[in-house]
>>> print(open('structure-v6.pdb').read())   # PDB, C-alpha atoms
ATOM      1  CA  MET A  82     -59.785-254.265 -48.105
ATOM      2  CA  ASN A  83     -57.084-251.575 -48.184
ATOM      3  CA  ALA A  84     -58.679-250.050 -51.272
ATOM      4  CA  PHE A  85     -61.906-249.651 -49.308
ATOM      5  CA  ILE A  86     -60.122-248.130 -46.307
ATOM      6  CA  TYR A  87     -58.189-245.636 -48.442
ATOM      7  CA  TRP A  88     -61.114-244.801 -50.735
ATOM      8  CA  LYS A  89     -61.208-241.021 -51.214
ATOM      9  CA  GLY A  90     -64.997-240.952 -51.258
ATOM     10  CA  HIS A  91     -65.206-241.589 -47.511
ATOM     11  CA  ARG A  92     -64.461-237.949 -46.729
ATOM     12  CA  TRP A  93     -67.468-236.890 -48.828
ATOM     13  CA  LEU A  94     -69.726-239.607 -47.426
ATOM     14  CA  ALA A  95     -68.652-238.798 -43.901
ATOM     15  CA  LEU A  96     -69.259-235.055 -44.261
ATOM     16  CA  PRO A  97     -73.080-235.148 -43.900
ATOM     17  CA  ALA A  98     -72.713-237.826 -41.205
ATOM     18  CA  ARG A  99     -70.322-235.553 -39.303
ATOM     19  CA  LEU A 100     -72.563-232.506 -39.635
ATOM     20  CA  TYR A 101     -75.603-234.497 -38.499
ATOM     21  CA  LEU A 102     -73.897-236.266 -35.580
ATOM     22  CA  GLY A 103     -72.108-233.107 -34.433
ATOM     23  CA  GLY A 104     -75.371-231.156 -34.637
ATOM     24  CA  VAL A 105     -77.175-233.797 -32.599
ATOM     25  CA  PHE A 106     -74.564-233.627 -29.840
ATOM     26  CA  ILE A 107     -74.503-229.820 -29.763
ATOM     27  CA  TRP A 108     -78.303-229.747 -29.604
ATOM     28  CA  ALA A 109     -78.386-232.433 -26.894
ATOM     29  CA  SER A 110     -75.905-230.556 -24.729
ATOM     30  CA  LEU A 111     -77.717-227.194 -24.624
ATOM     31  CA  HIS A 112     -80.444-227.968 -22.090
ATOM     32  CA  LYS A 113     -78.004-229.954 -19.977
ATOM     33  CA  ILE A 114     -75.632-226.997 -19.768
ATOM     34  CA  ALA A 115     -78.489-224.591 -19.035
ATOM     35  CA  LEU A 116     -80.089-226.800 -16.355
ATOM     36  CA  PRO A 117     -77.420-228.968 -14.702
ATOM     37  CA  GLU A 118     -79.647-229.857 -11.768
ATOM     38  CA  THR A 119     -82.416-231.340 -13.922
ATOM     39  CA  PHE A 120     -79.807-233.250 -15.925
ATOM     40  CA  ALA A 121     -78.338-234.559 -12.659
ATOM     41  CA  LEU A 122     -81.839-235.729 -11.750
ATOM     42  CA  ASP A 123     -82.095-237.495 -15.130
ATOM     43  CA  VAL A 124     -78.759-239.222 -14.471
ATOM     44  CA  ALA A 125     -79.937-240.241 -10.987
ATOM     45  CA  THR A 126     -83.186-241.661 -12.402
ATOM     46  CA  TYR A 127     -81.236-244.301 -14.331
ATOM     47  CA  ASN A 128     -80.106-245.585 -10.927
ATOM     48  CA  ILE A 129     -76.742-246.756 -12.276
ATOM     49  CA  VAL A 130     -74.233-244.054 -11.358
ATOM     50  CA  PRO A 131     -73.170-243.840  -7.678
ATOM     51  CA  LEU A 132     -74.339-240.713  -5.847
ATOM     52  CA  TYR A 133     -70.881-239.117  -5.606
ATOM     53  CA  LEU A 134     -70.468-239.239  -9.391
ATOM     54  CA  ILE A 135     -73.903-237.916 -10.415
ATOM     55  CA  ASN A 136     -73.147-234.187 -10.171
ATOM     56  CA  LEU A 137     -69.649-234.553 -11.637
ATOM     57  CA  MET A 138     -71.169-236.346 -14.593
ATOM     58  CA  ALA A 139     -73.906-233.724 -14.958
ATOM     59  CA  ILE A 140     -71.230-231.004 -14.988
ATOM     60  CA  CYS A 141     -68.699-232.657 -17.319
ATOM     61  CA  LEU A 142     -70.763-234.635 -19.827
ATOM     62  CA  PRO A 143     -72.622-231.715 -21.501
ATOM     63  CA  TRP A 144     -69.335-229.897 -22.088
ATOM     64  CA  ILE A 145     -67.757-232.993 -23.600
ATOM     65  CA  GLU A 146     -70.854-233.266 -25.811
ATOM     66  CA  ILE A 147     -70.779-229.668 -27.013
ATOM     67  CA  ILE A 148     -67.012-229.586 -27.616
ATOM     68  CA  SER A 149     -66.923-232.929 -29.406
ATOM     69  CA  GLY A 150     -70.000-231.901 -31.429
ATOM     70  CA  ALA A 151     -68.380-228.604 -32.428
ATOM     71  CA  MET A 152     -65.132-230.368 -33.389
ATOM     72  CA  MET A 153     -67.119-232.866 -35.441
ATOM     73  CA  VAL A 154     -69.044-230.142 -37.288
ATOM     74  CA  ALA A 155     -65.921-228.019 -37.867
ATOM     75  CA  GLY A 156     -63.862-230.969 -39.042
ATOM     76  CA  TYR A 157     -61.125-230.260 -36.531
ATOM     77  CA  LYS A 158     -59.623-233.360 -34.870
ATOM     78  CA  SER A 159     -62.748-235.157 -35.972
ATOM     79  CA  ARG A 160     -61.299-238.599 -35.170
ATOM     80  CA  ALA A 161     -60.672-237.504 -31.582
ATOM     81  CA  SER A 162     -64.206-236.187 -31.449
ATOM     82  CA  ALA A 163     -65.457-239.461 -32.970
ATOM     83  CA  TRP A 164     -63.691-241.315 -30.133
ATOM     84  CA  MET A 165     -65.507-239.164 -27.574
ATOM     85  CA  ILE A 166     -68.883-239.507 -29.299
ATOM     86  CA  THR A 167     -68.478-243.258 -29.758
ATOM     87  CA  GLY A 168     -67.489-243.623 -26.108
ATOM     88  CA  MET A 169     -70.490-241.598 -24.982
ATOM     89  CA  MET A 170     -72.837-243.582 -27.241
ATOM     90  CA  VAL A 171     -71.572-246.868 -25.757
ATOM     91  CA  MET A 172     -72.162-245.411 -22.285
ATOM     92  CA  PHE A 173     -75.667-244.130 -23.159
ATOM     93  CA  LEU A 174     -76.631-247.407 -24.804
ATOM     94  CA  THR A 175     -75.466-249.422 -21.800
ATOM     95  CA  ALA A 176     -77.496-247.197 -19.457
ATOM     96  CA  LEU A 177     -80.501-247.427 -21.755
ATOM     97  CA  LEU A 178     -80.371-251.216 -21.976
ATOM     98  CA  ILE A 179     -80.010-251.556 -18.204
ATOM     99  CA  ALA A 180     -82.975-249.205 -17.654
ATOM    100  CA  LEU A 181     -85.083-251.109 -20.197
ATOM    101  CA  SER A 182     -84.157-254.482 -18.733
ATOM    102  CA  ASN A 183     -85.200-253.168 -15.305
ATOM    103  CA  GLY A 184     -88.567-252.238 -16.811
ATOM    104  CA  LEU A 185     -88.166-248.540 -15.990
ATOM    105  CA  ASP A 186     -90.832-246.377 -17.598
ATOM    106  CA  MET A 187     -88.920-243.110 -17.763
ATOM    107  CA  SER A 188     -87.844-240.308 -20.036
ATOM    108  CA  CYS A 189     -84.563-240.717 -21.915
ATOM    109  CA  GLY A 190     -83.336-237.292 -20.798
ATOM    110  CA  CYS A 191     -81.298-237.158 -24.003
ATOM    111  CA  PHE A 192     -82.574-233.871 -25.391
ATOM    112  CA  ALA A 193     -84.720-232.378 -22.673
ATOM    113  CA  SER A 194     -85.286-233.195 -19.058
ATOM    114  CA  SER A 195     -87.925-235.726 -18.073
ATOM    115  CA  THR A 196     -89.765-232.904 -16.348
ATOM    116  CA  MET A 197     -89.826-230.835 -19.532
ATOM    117  CA  GLU A 198     -90.605-233.357 -22.248
ATOM    118  CA  GLU A 199     -92.864-236.308 -21.557
ATOM    119  CA  GLY A 200     -92.712-237.673 -25.118
ATOM    120  CA  ASP A 201     -89.076-238.845 -24.905
ATOM    121  CA  ALA A 202     -89.727-242.132 -23.118
ATOM    122  CA  ILE A 203     -87.111-244.858 -23.438
ATOM    123  CA  SER A 204     -88.032-247.740 -25.750
ATOM    124  CA  THR A 205     -86.512-250.111 -28.286
ATOM    125  CA  ALA A 206     -86.841-247.224 -30.802
ATOM    126  CA  THR A 207     -84.451-245.212 -28.592
ATOM    127  CA  VAL A 208     -82.022-248.138 -28.658
ATOM    128  CA  PHE A 209     -82.151-248.316 -32.479
ATOM    129  CA  ARG A 210     -81.648-244.546 -32.720
ATOM    130  CA  ASP A 211     -78.613-244.700 -30.432
ATOM    131  CA  VAL A 212     -77.201-247.705 -32.298
ATOM    132  CA  SER A 213     -77.477-245.785 -35.597
ATOM    133  CA  TRP A 214     -75.544-242.871 -34.054
ATOM    134  CA  LEU A 215     -72.959-245.302 -32.704
ATOM    135  CA  VAL A 216     -72.522-246.792 -36.181
ATOM    136  CA  LEU A 217     -72.070-243.294 -37.652
ATOM    137  CA  GLY A 218     -69.489-242.504 -34.976
ATOM    138  CA  ILE A 219     -67.560-245.716 -35.666
ATOM    139  CA  TYR A 220     -67.670-245.037 -39.426
ATOM    140  CA  ILE A 221     -66.199-241.559 -38.951
ATOM    141  CA  LEU A 222     -63.638-242.866 -36.473
ATOM    142  CA  LEU A 223     -62.374-245.675 -38.688
ATOM    143  CA  LEU A 224     -62.841-244.458 -42.259
ATOM    144  CA  ASP A 225     -62.928-240.666 -42.374
ATOM    145  CA  ARG A 226     -59.152-240.438 -42.441
ATOM    146  CA  GLN A 227     -58.859-237.052 -44.156
ATOM    147  CA  PRO A 228     -61.944-235.174 -43.051
ATOM    148  CA  LEU A 229     -63.115-232.153 -44.971
ATOM    149  CA  GLY A 230     -63.239-229.032 -42.853
ATOM    150  CA  LEU A 231     -61.128-226.775 -40.712
ATOM    151  CA  GLU A 232     -58.199-229.160 -40.220
ATOM    152  CA  SER A 233     -57.844-229.930 -43.915
ATOM    153  CA  TRP A 234     -58.126-226.199 -44.748
ATOM    154  CA  LEU A 235     -55.406-225.369 -42.189
ATOM    155  CA  ARG A 236     -53.173-228.118 -43.618
ATOM    156  CA  HIS A 237     -53.569-226.775 -47.168
ATOM    157  CA  ARG A 238     -52.865-223.224 -46.029
ATOM    158  CA  ASN A 239     -49.708-224.278 -44.184
ATOM    159  CA  LYS A 240     -48.520-226.219 -47.248
ATOM    160  CA  ARG A 241     -49.066-223.190 -49.479
ATOM    161  CA  ASN A 242     -47.227-220.909 -47.052
ATOM    162  CA  SER A 243     -44.255-223.222 -46.777
TER     163      SER A 243
ATOM    164  CA  MET B   4     -45.920-243.689 -48.325
ATOM    165  CA  LYS B   5     -49.376-244.208 -46.881
ATOM    166  CA  PRO B   6     -49.653-244.434 -43.086
ATOM    167  CA  LYS B   7     -50.886-247.729 -41.633
ATOM    168  CA  PRO B   8     -54.700-247.775 -41.708
ATOM    169  CA  TYR B   9     -55.228-247.327 -37.976
ATOM    170  CA  SER B  10     -51.886-245.878 -36.892
ATOM    171  CA  THR B  11     -53.516-242.558 -36.018
ATOM    172  CA  LEU B  12     -56.292-244.097 -33.924
ATOM    173  CA  PHE B  13     -54.222-244.233 -30.757
ATOM    174  CA  THR B  14     -53.090-240.641 -31.242
ATOM    175  CA  ALA B  15     -56.725-239.633 -31.724
ATOM    176  CA  LEU B  16     -57.638-241.487 -28.525
ATOM    177  CA  LEU B  17     -55.006-239.529 -26.576
ATOM    178  CA  GLU B  18     -56.295-236.292 -28.094
ATOM    179  CA  ALA B  19     -59.835-237.292 -27.121
ATOM    180  CA  ALA B  20     -58.718-237.862 -23.518
ATOM    181  CA  VAL B  21     -57.050-234.437 -23.415
ATOM    182  CA  VAL B  22     -60.082-232.670 -24.936
ATOM    183  CA  ALA B  23     -62.467-234.473 -22.564
ATOM    184  CA  SER B  24     -60.338-233.384 -19.599
ATOM    185  CA  ILE B  25     -60.345-229.782 -20.841
ATOM    186  CA  ALA B  26     -64.134-229.980 -21.302
ATOM    187  CA  CYS B  27     -64.487-231.117 -17.679
ATOM    188  CA  VAL B  28     -62.343-228.216 -16.493
ATOM    189  CA  ILE B  29     -64.475-225.773 -18.512
ATOM    190  CA  GLY B  30     -67.638-227.340 -17.107
ATOM    191  CA  ALA B  31     -66.305-227.013 -13.568
ATOM    192  CA  ALA B  32     -65.199-223.404 -14.164
ATOM    193  CA  VAL B  33     -68.594-222.462 -15.590
ATOM    194  CA  GLN B  34     -70.218-223.700 -12.379
ATOM    195  CA  TRP B  35     -68.643-220.736 -10.543
ATOM    196  CA  VAL B  36     -70.712-218.282 -12.594
ATOM    197  CA  HIS B  37     -73.674-220.448 -13.579
ATOM    198  CA  PRO B  38     -77.002-219.104 -12.241
ATOM    199  CA  ASN B  39     -78.259-222.689 -11.717
ATOM    200  CA  SER B  40     -74.989-224.184 -10.487
ATOM    201  CA  ILE B  41     -74.836-227.434  -8.549
ATOM    202  CA  PRO B  42     -72.195-228.695  -6.094
ATOM    203  CA  PHE B  43     -69.529-231.002  -7.549
ATOM    204  CA  PHE B  44     -70.676-233.780  -5.240
ATOM    205  CA  ALA B  45     -74.336-234.358  -4.367
ATOM    206  CA  ASN B  46     -75.032-233.849  -0.656
ATOM    207  CA  GLU B  47     -78.054-236.116  -0.537
ATOM    208  CA  ALA B  48     -79.743-238.678  -2.767
ATOM    209  CA  TYR B  49     -81.961-237.378  -5.562
ATOM    210  CA  GLU B  50     -85.651-238.087  -5.201
ATOM    211  CA  THR B  51     -86.409-239.886  -8.417
ATOM    212  CA  MET B  52     -89.971-240.814  -9.282
ATOM    213  CA  VAL B  53     -90.266-243.698 -11.707
ATOM    214  CA  PRO B  54     -93.550-245.588 -12.114
ATOM    215  CA  CYS B  55     -93.403-249.247 -11.120
ATOM    216  CA  PRO B  56     -93.045-251.668 -14.022
ATOM    217  CA  VAL B  57     -96.439-252.809 -15.284
ATOM    218  CA  GLN B  58     -96.934-256.575 -15.053
ATOM    219  CA  GLU B  59     -98.539-258.058 -18.110
ATOM    220  CA  GLY B  60     -99.902-261.327 -16.775
ATOM    221  CA  LYS B  61    -103.351-262.567 -17.780
ATOM    222  CA  VAL B  62    -105.966-263.588 -15.244
ATOM    223  CA  THR B  63    -109.493-264.772 -15.824
ATOM    224  CA  GLU B  64    -112.322-263.617 -13.600
ATOM    225  CA  LEU B  65    -114.131-266.338 -11.712
ATOM    226  CA  SER B  66    -117.470-266.205  -9.937
ATOM    227  CA  PRO B  67    -117.472-267.253  -6.229
ATOM    228  CA  GLN B  68    -120.017-269.948  -7.156
ATOM    229  CA  SER B  69    -117.825-271.407  -9.891
ATOM    230  CA  PRO B  70    -117.561-275.230  -9.816
ATOM    231  CA  LEU B  71    -113.858-274.833 -10.605
ATOM    232  CA  LEU B  72    -113.326-274.074  -6.920
ATOM    233  CA  GLN B  73    -114.393-277.621  -6.080
ATOM    234  CA  GLU B  74    -112.082-279.324  -8.569
ATOM    235  CA  LYS B  75    -109.171-281.408  -7.313
ATOM    236  CA  ASN B  76    -106.422-280.338  -9.690
ATOM    237  CA  VAL B  77    -106.564-276.675  -8.749
ATOM    238  CA  LEU B  78    -104.261-274.726  -6.474
ATOM    239  CA  ILE B  79    -106.138-272.151  -4.427
ATOM    240  CA  ILE B  80    -104.108-269.213  -3.156
ATOM    241  CA  ASP B  81    -105.192-266.728  -0.505
ATOM    242  CA  ALA B  82    -103.580-263.318  -1.063
ATOM    243  CA  ARG B  83    -104.648-261.779   2.262
ATOM    244  CA  GLU B  84    -102.740-261.028   5.467
ATOM    245  CA  GLU B  85    -102.047-263.834   7.960
ATOM    246  CA  PRO B  86    -104.666-262.753  10.604
ATOM    247  CA  ASP B  87    -107.407-262.657   7.947
ATOM    248  CA  PHE B  88    -106.255-266.053   6.673
ATOM    249  CA  ASP B  89    -106.349-267.470  10.212
ATOM    250  CA  ASP B  90    -109.868-266.133  10.722
ATOM    251  CA  TRP B  91    -111.175-267.844   7.628
ATOM    252  CA  HIS B  92    -109.863-269.356   4.446
ATOM    253  CA  VAL B  93    -110.863-271.816   1.746
ATOM    254  CA  LYS B  94    -109.926-275.377   2.682
ATOM    255  CA  ASN B  95    -106.387-276.321   1.553
ATOM    256  CA  ALA B  96    -105.698-272.764   0.375
ATOM    257  CA  LEU B  97    -102.063-271.688   0.280
ATOM    258  CA  ARG B  98    -101.392-268.277   1.823
ATOM    259  CA  ILE B  99     -99.183-265.969  -0.270
ATOM    260  CA  THR B 100     -99.790-262.501   1.145
ATOM    261  CA  TYR B 101     -99.737-259.912  -1.621
ATOM    262  CA  ASP B 102     -97.238-257.143  -0.980
ATOM    263  CA  PHE B 103     -97.674-254.036  -3.140
ATOM    264  CA  LEU B 104     -93.960-253.263  -2.939
ATOM    265  CA  ASP B 105     -92.611-256.791  -3.441
ATOM    266  CA  PRO B 106     -95.355-258.730  -5.246
ATOM    267  CA  ILE B 107     -93.961-262.287  -5.325
ATOM    268  CA  PRO B 108     -90.787-262.906  -3.316
ATOM    269  CA  ALA B 109     -88.547-265.687  -4.663
ATOM    270  CA  ALA B 110     -89.383-267.941  -1.694
ATOM    271  CA  ASP B 111     -93.116-267.708  -2.433
ATOM    272  CA  GLN B 112     -92.506-268.367  -6.121
ATOM    273  CA  LYS B 113     -90.727-271.588  -5.149
ATOM    274  CA  LYS B 114     -93.602-272.474  -2.821
ATOM    275  CA  ILE B 115     -96.117-272.080  -5.655
ATOM    276  CA  ALA B 116     -93.943-274.063  -8.083
ATOM    277  CA  ARG B 117     -93.545-276.898  -5.539
ATOM    278  CA  LYS B 118     -97.310-277.075  -4.932
ATOM    279  CA  ILE B 119     -98.042-277.071  -8.644
ATOM    280  CA  ALA B 120     -95.576-279.889  -9.221
ATOM    281  CA  ALA B 121     -96.715-281.944  -6.227
ATOM    282  CA  LYS B 122    -100.462-281.721  -6.918
ATOM    283  CA  ARG B 123    -100.169-281.830 -10.722
ATOM    284  CA  VAL B 124    -102.153-278.665 -10.771
ATOM    285  CA  SER B 125    -103.640-277.453 -14.046
ATOM    286  CA  LYS B 126    -105.279-274.269 -12.744
ATOM    287  CA  VAL B 127    -104.404-271.673 -10.140
ATOM    288  CA  ILE B 128    -107.202-269.748  -8.441
ATOM    289  CA  VAL B 129    -106.361-266.702  -6.369
ATOM    290  CA  TYR B 130    -108.630-264.791  -4.052
ATOM    291  CA  GLY B 131    -107.837-261.681  -2.062
ATOM    292  CA  ASP B 132    -109.540-259.015   0.016
ATOM    293  CA  GLY B 133    -112.049-258.144  -2.714
ATOM    294  CA  ASP B 134    -111.209-254.467  -2.347
ATOM    295  CA  THR B 135    -110.343-252.031  -5.108
ATOM    296  CA  PRO B 136    -107.722-252.883  -6.219
ATOM    297  CA  ASP B 137    -108.267-256.521  -5.302
ATOM    298  CA  THR B 138    -105.131-258.153  -3.926
ATOM    299  CA  GLY B 139    -106.325-261.467  -5.387
ATOM    300  CA  LYS B 140    -106.435-260.077  -8.905
ATOM    301  CA  LEU B 141    -103.051-258.334  -8.498
ATOM    302  CA  LEU B 142    -101.381-261.468  -7.162
ATOM    303  CA  GLY B 143    -102.978-263.487  -9.974
ATOM    304  CA  ILE B 144    -101.512-261.082 -12.539
ATOM    305  CA  ASP B 145     -98.078-261.419 -10.958
ATOM    306  CA  ILE B 146     -98.284-265.212 -10.841
ATOM    307  CA  SER B 147     -99.346-265.281 -14.494
ATOM    308  CA  ALA B 148     -96.559-262.839 -15.425
ATOM    309  CA  SER B 149     -94.057-265.220 -13.807
ATOM    310  CA  GLY B 150     -94.941-267.781 -16.499
ATOM    311  CA  ILE B 151     -97.718-269.845 -14.891
ATOM    312  CA  LYS B 152    -100.714-270.485 -17.151
ATOM    313  CA  ASN B 153    -104.441-270.819 -16.363
ATOM    314  CA  VAL B 154    -104.562-268.334 -13.510
ATOM    315  CA  PHE B 155    -107.974-267.226 -12.236
ATOM    316  CA  TYR B 156    -109.081-264.785  -9.556
ATOM    317  CA  VAL B 157    -112.306-264.806  -7.618
ATOM    318  CA  LYS B 158    -114.379-261.694  -8.167
ATOM    319  CA  GLY B 159    -115.245-260.127  -4.820
ATOM    320  CA  GLY B 160    -112.473-262.073  -3.076
ATOM    321  CA  ALA B 161    -112.724-263.650   0.359
ATOM    322  CA  PRO B 162    -115.839-261.729   1.518
ATOM    323  CA  LYS B 163    -117.895-263.114  -1.378
ATOM    324  CA  LEU B 164    -116.430-266.598  -0.982
ATOM    325  CA  GLN B 165    -117.118-266.564   2.746
ATOM    326  CA  SER B 166    -120.776-265.766   2.101
ATOM    327  CA  GLU B 167    -120.897-268.731  -0.285
ATOM    328  CA  LYS B 168    -118.799-270.931   2.062
ATOM    329  CA  PRO B 169    -117.391-273.374  -0.506
ATOM    330  CA  GLY B 170    -115.623-275.782   1.791
ATOM    331  CA  SER B 171    -114.332-273.089   4.050
ATOM    332  CA  THR B 172    -112.562-273.692   7.334
ATOM    333  CA  PRO B 173    -113.137-271.644  10.466
TER     334      PRO B 173
END
>>> encode(input="structure-v6.pdb", output="structure tokens")
Amino acid sequence: MNAFIYWKGHRWLALPARLYLGGVFIWASLHKIALPETFALDVATYNIVPLYLINLMAICLPWIEIISGAMMVAGYKSRASAWMITGMMVMFLTALLIALSNGLDMSCGCFASSTMEEGDAISTATVFRDVSWLVLGIYILLLDRQPLGLESWLRHRNKRNS
Amino acid sequence: MKPKPYSTLFTALLEAAVVASIACVIGAAVQWVHPNSIPFFANEAYETMVPCPVQEGKVTELSPQSPLLQEKNVLIIDAREEPDFDDWHVKNALRITYDFLDPIPAADQKKIARKIAAKRVSKVIVYGDGDTPDTGKLLGIDISASGIKNVFYVKGGAPKLQSEKPGSTP
């Protein structure tokens, strides 16, 4: 078991996963940052979050997405960013499952607002997609112990200097 | 010496909390200069428009002259409003008024289940106002979607049935 956990190949396997997952989160955050009101409407449509939290969520969440995505892509504190992404995926999946169980026929609002993109309706395919991202996030969180990227480059540079 | 496999996870969690807090502060600060900024707390509820869930029950169309209406082991349900029901209804019909916003309340579901059990019913026939959409057909779909089999609706609803007068009561 320990041999698997400490396997050096994880950092190479996790690299494309990190770039993909980080890219997805950066891409997903852009329209939400540009149009906070339409994202707030998307959040409200799920009918889960209380009214007083809707705008706060619409303001904070896209910035957590873009920063965690950038950290993931850069390979800087990627485990911290994996925590954030995993946490967000659990939250999104819960909201998605509640909306599906309530029979809501609505847009996911994941990449573009419901008013902008009609083709992003929630379905079991959306659940599978989110689960696959959650699995990637958990893999990076648990097994990418020495991620390739900015942090490892900084560590090497500091070692050389000292 | 290698660190314990997950010894850094808690540290990473703390870092994540700090970064998330900083992200929230940035998000809040950006709102001051954002051209499409929103207040931190919503003043009034958002008007969300979500289509109603589509019921997927199956109902079979029935002619007003169908002999099924005369059978003993059928439960006949009238989906119309109480005054219309009082004016005229099929003998022994059970009134379950169809409500577009709350199709089958739990109490009415129990009522239907009790009748089905008591009369050993094998078929349920629903008739409504005969309009478009027909409340009889809609209620039939809802009843079928709730798990009851062999649900029929009378085409043309009460007006057609009344003209045929199959055992109707004044």
>>> interface_residues(input="structure-v6.pdb", of="chain A", to="chain B", cutoff="8 Å", atoms="all atoms listed in the file", output="PDB file with C-alpha atoms, in the coordinates of the input")
ATOM      1  CA  ASN A  83     -57.084-251.575 -48.184  1.00  0.00           C
ATOM      2  CA  ILE A  86     -60.122-248.130 -46.307  1.00  0.00           C
ATOM      3  CA  TYR A  87     -58.189-245.636 -48.442  1.00  0.00           C
ATOM      4  CA  ALA A 115     -78.489-224.591 -19.035  1.00  0.00           C
ATOM      5  CA  LEU A 116     -80.089-226.800 -16.355  1.00  0.00           C
ATOM      6  CA  PRO A 117     -77.420-228.968 -14.702  1.00  0.00           C
ATOM      7  CA  GLU A 118     -79.647-229.857 -11.768  1.00  0.00           C
ATOM      8  CA  LEU A 122     -81.839-235.729 -11.750  1.00  0.00           C
ATOM      9  CA  ALA A 125     -79.937-240.241 -10.987  1.00  0.00           C
ATOM     10  CA  THR A 126     -83.186-241.661 -12.402  1.00  0.00           C
ATOM     11  CA  LEU A 132     -74.339-240.713  -5.847  1.00  0.00           C
ATOM     12  CA  TYR A 133     -70.881-239.117  -5.606  1.00  0.00           C
ATOM     13  CA  LEU A 134     -70.468-239.239  -9.391  1.00  0.00           C
ATOM     14  CA  ILE A 135     -73.903-237.916 -10.415  1.00  0.00           C
ATOM     15  CA  ASN A 136     -73.147-234.187 -10.171  1.00  0.00           C
ATOM     16  CA  LEU A 137     -69.649-234.553 -11.637  1.00  0.00           C
ATOM     17  CA  ILE A 140     -71.230-231.004 -14.988  1.00  0.00           C
ATOM     18  CA  CYS A 141     -68.699-232.657 -17.319  1.00  0.00           C
ATOM     19  CA  LEU A 142     -70.763-234.635 -19.827  1.00  0.00           C
ATOM     20  CA  PRO A 143     -72.622-231.715 -21.501  1.00  0.00           C
ATOM     21  CA  TRP A 144     -69.335-229.897 -22.088  1.00  0.00           C
ATOM     22  CA  ILE A 145     -67.757-232.993 -23.600  1.00  0.00           C
ATOM     23  CA  ILE A 148     -67.012-229.586 -27.616  1.00  0.00           C
ATOM     24  CA  LYS A 158     -59.623-233.360 -34.870  1.00  0.00           C
ATOM     25  CA  ARG A 160     -61.299-238.599 -35.170  1.00  0.00           C
ATOM     26  CA  ALA A 161     -60.672-237.504 -31.582  1.00  0.00           C
ATOM     27  CA  SER A 162     -64.206-236.187 -31.449  1.00  0.00           C
ATOM     28  CA  TRP A 164     -63.691-241.315 -30.133  1.00  0.00           C
ATOM     29  CA  MET A 165     -65.507-239.164 -27.574  1.00  0.00           C
ATOM     30  CA  GLY A 184     -88.567-252.238 -16.811  1.00  0.00           C
ATOM     31  CA  LEU A 185     -88.166-248.540 -15.990  1.00  0.00           C
ATOM     32  CA  ASP A 186     -90.832-246.377 -17.598  1.00  0.00           C
ATOM     33  CA  MET A 187     -88.920-243.110 -17.763  1.00  0.00           C
ATOM     34  CA  LEU A 222     -63.638-242.866 -36.473  1.00  0.00           C
ATOM     35  CA  LEU A 223     -62.374-245.675 -38.688  1.00  0.00           C
TER      36      LEU A 223
END
>>> residues_around(input="structure-v6.pdb", residues="A:Leu217", least_positions_apart="6", cutoff="9 Å", atoms="all atoms listed in the file", output="PyMOL selection string")
chain A and resi 95+98-99+102+163+167
>>> write_last_selection(input="structure-v6.pdb", atoms="C-alpha atoms", output="CSV table (one decimal), in the frame of the given file")
chain,number,residue,atom,x,y,z
A,95,ALA,CA,-68.7,-238.8,-43.9
A,98,ALA,CA,-72.7,-237.8,-41.2
A,99,ARG,CA,-70.3,-235.6,-39.3
A,102,LEU,CA,-73.9,-236.3,-35.6
A,163,ALA,CA,-65.5,-239.5,-33.0
A,167,THR,CA,-68.5,-243.3,-29.8
>>> atom_distance(input="structure-v6.pdb", atom1="atom CA of A:Leu177", atom2="atom CA of B:Asp102")
28.4 Å
>>> resolve_selection(input="structure-v6.pdb", expression="the PyMOL selection byres ((chain B and resi 157) around 7)", output="list of chain:residue names")
B:Glu64, B:Leu65, B:Ser66, B:Pro67, B:Val129, B:Tyr130, B:Phe155, B:Tyr156, B:Lys158, B:Gly159, B:Gly160
>>> atom_distance(input="structure-v6.pdb", atom1="atom CA of A:His237", atom2="atom CA of A:Glu146")
28.2 Å
>>> residues_around(input="structure-v6.pdb", residues="A:Leu111", least_positions_apart="2", cutoff="9 Å", atoms="only C-alpha atoms", output="list in words")
Phe106, Ile107, Trp108, Ala109, Lys113, Ile114, Ala115, Leu116, Pro143, Ile147, Phe192 and Ala193 of chain A
>>> atom_distance(input="structure-v6.pdb", atom1="atom CA of A:Phe85", atom2="atom CA of A:Arg238")
28.1 Å
>>> resolve_selection(input="structure-v6.pdb", expression="the PyMOL selection byres ((chain B and resi 134) around 12)", output="ChimeraX atom specification")
/B:82-83,130-133,135-141,157-163
>>> write_last_selection(input="structure-v6.pdb", atoms="C-alpha atoms", output="mmCIF file, in the coordinates of the input")
data_model
loop_
_atom_site.group_PDB
_atom_site.id
_atom_site.type_symbol
_atom_site.label_atom_id
_atom_site.label_comp_id
_atom_site.auth_asym_id
_atom_site.auth_seq_id
_atom_site.Cartn_x
_atom_site.Cartn_y
_atom_site.Cartn_z
ATOM 1 C CA ALA B 82 -103.580 -263.318 -1.063
ATOM 2 C CA ARG B 83 -104.648 -261.779 2.262
ATOM 3 C CA TYR B 130 -108.630 -264.791 -4.052
ATOM 4 C CA GLY B 131 -107.837 -261.681 -2.062
ATOM 5 C CA ASP B 132 -109.540 -259.015 0.016
ATOM 6 C CA GLY B 133 -112.049 -258.144 -2.714
ATOM 7 C CA THR B 135 -110.343 -252.031 -5.108
ATOM 8 C CA PRO B 136 -107.722 -252.883 -6.219
ATOM 9 C CA ASP B 137 -108.267 -256.521 -5.302
ATOM 10 C CA THR B 138 -105.131 -258.153 -3.926
ATOM 11 C CA GLY B 139 -106.325 -261.467 -5.387
ATOM 12 C CA LYS B 140 -106.435 -260.077 -8.905
ATOM 13 C CA LEU B 141 -103.051 -258.334 -8.498
ATOM 14 C CA VAL B 157 -112.306 -264.806 -7.618
ATOM 15 C CA LYS B 158 -114.379 -261.694 -8.167
ATOM 16 C CA GLY B 159 -115.245 -260.127 -4.820
ATOM 17 C CA GLY B 160 -112.473 -262.073 -3.076
ATOM 18 C CA ALA B 161 -112.724 -263.650 0.359
ATOM 19 C CA PRO B 162 -115.839 -261.729 1.518
ATOM 20 C CA LYS B 163 -117.895 -263.114 -1.378
#
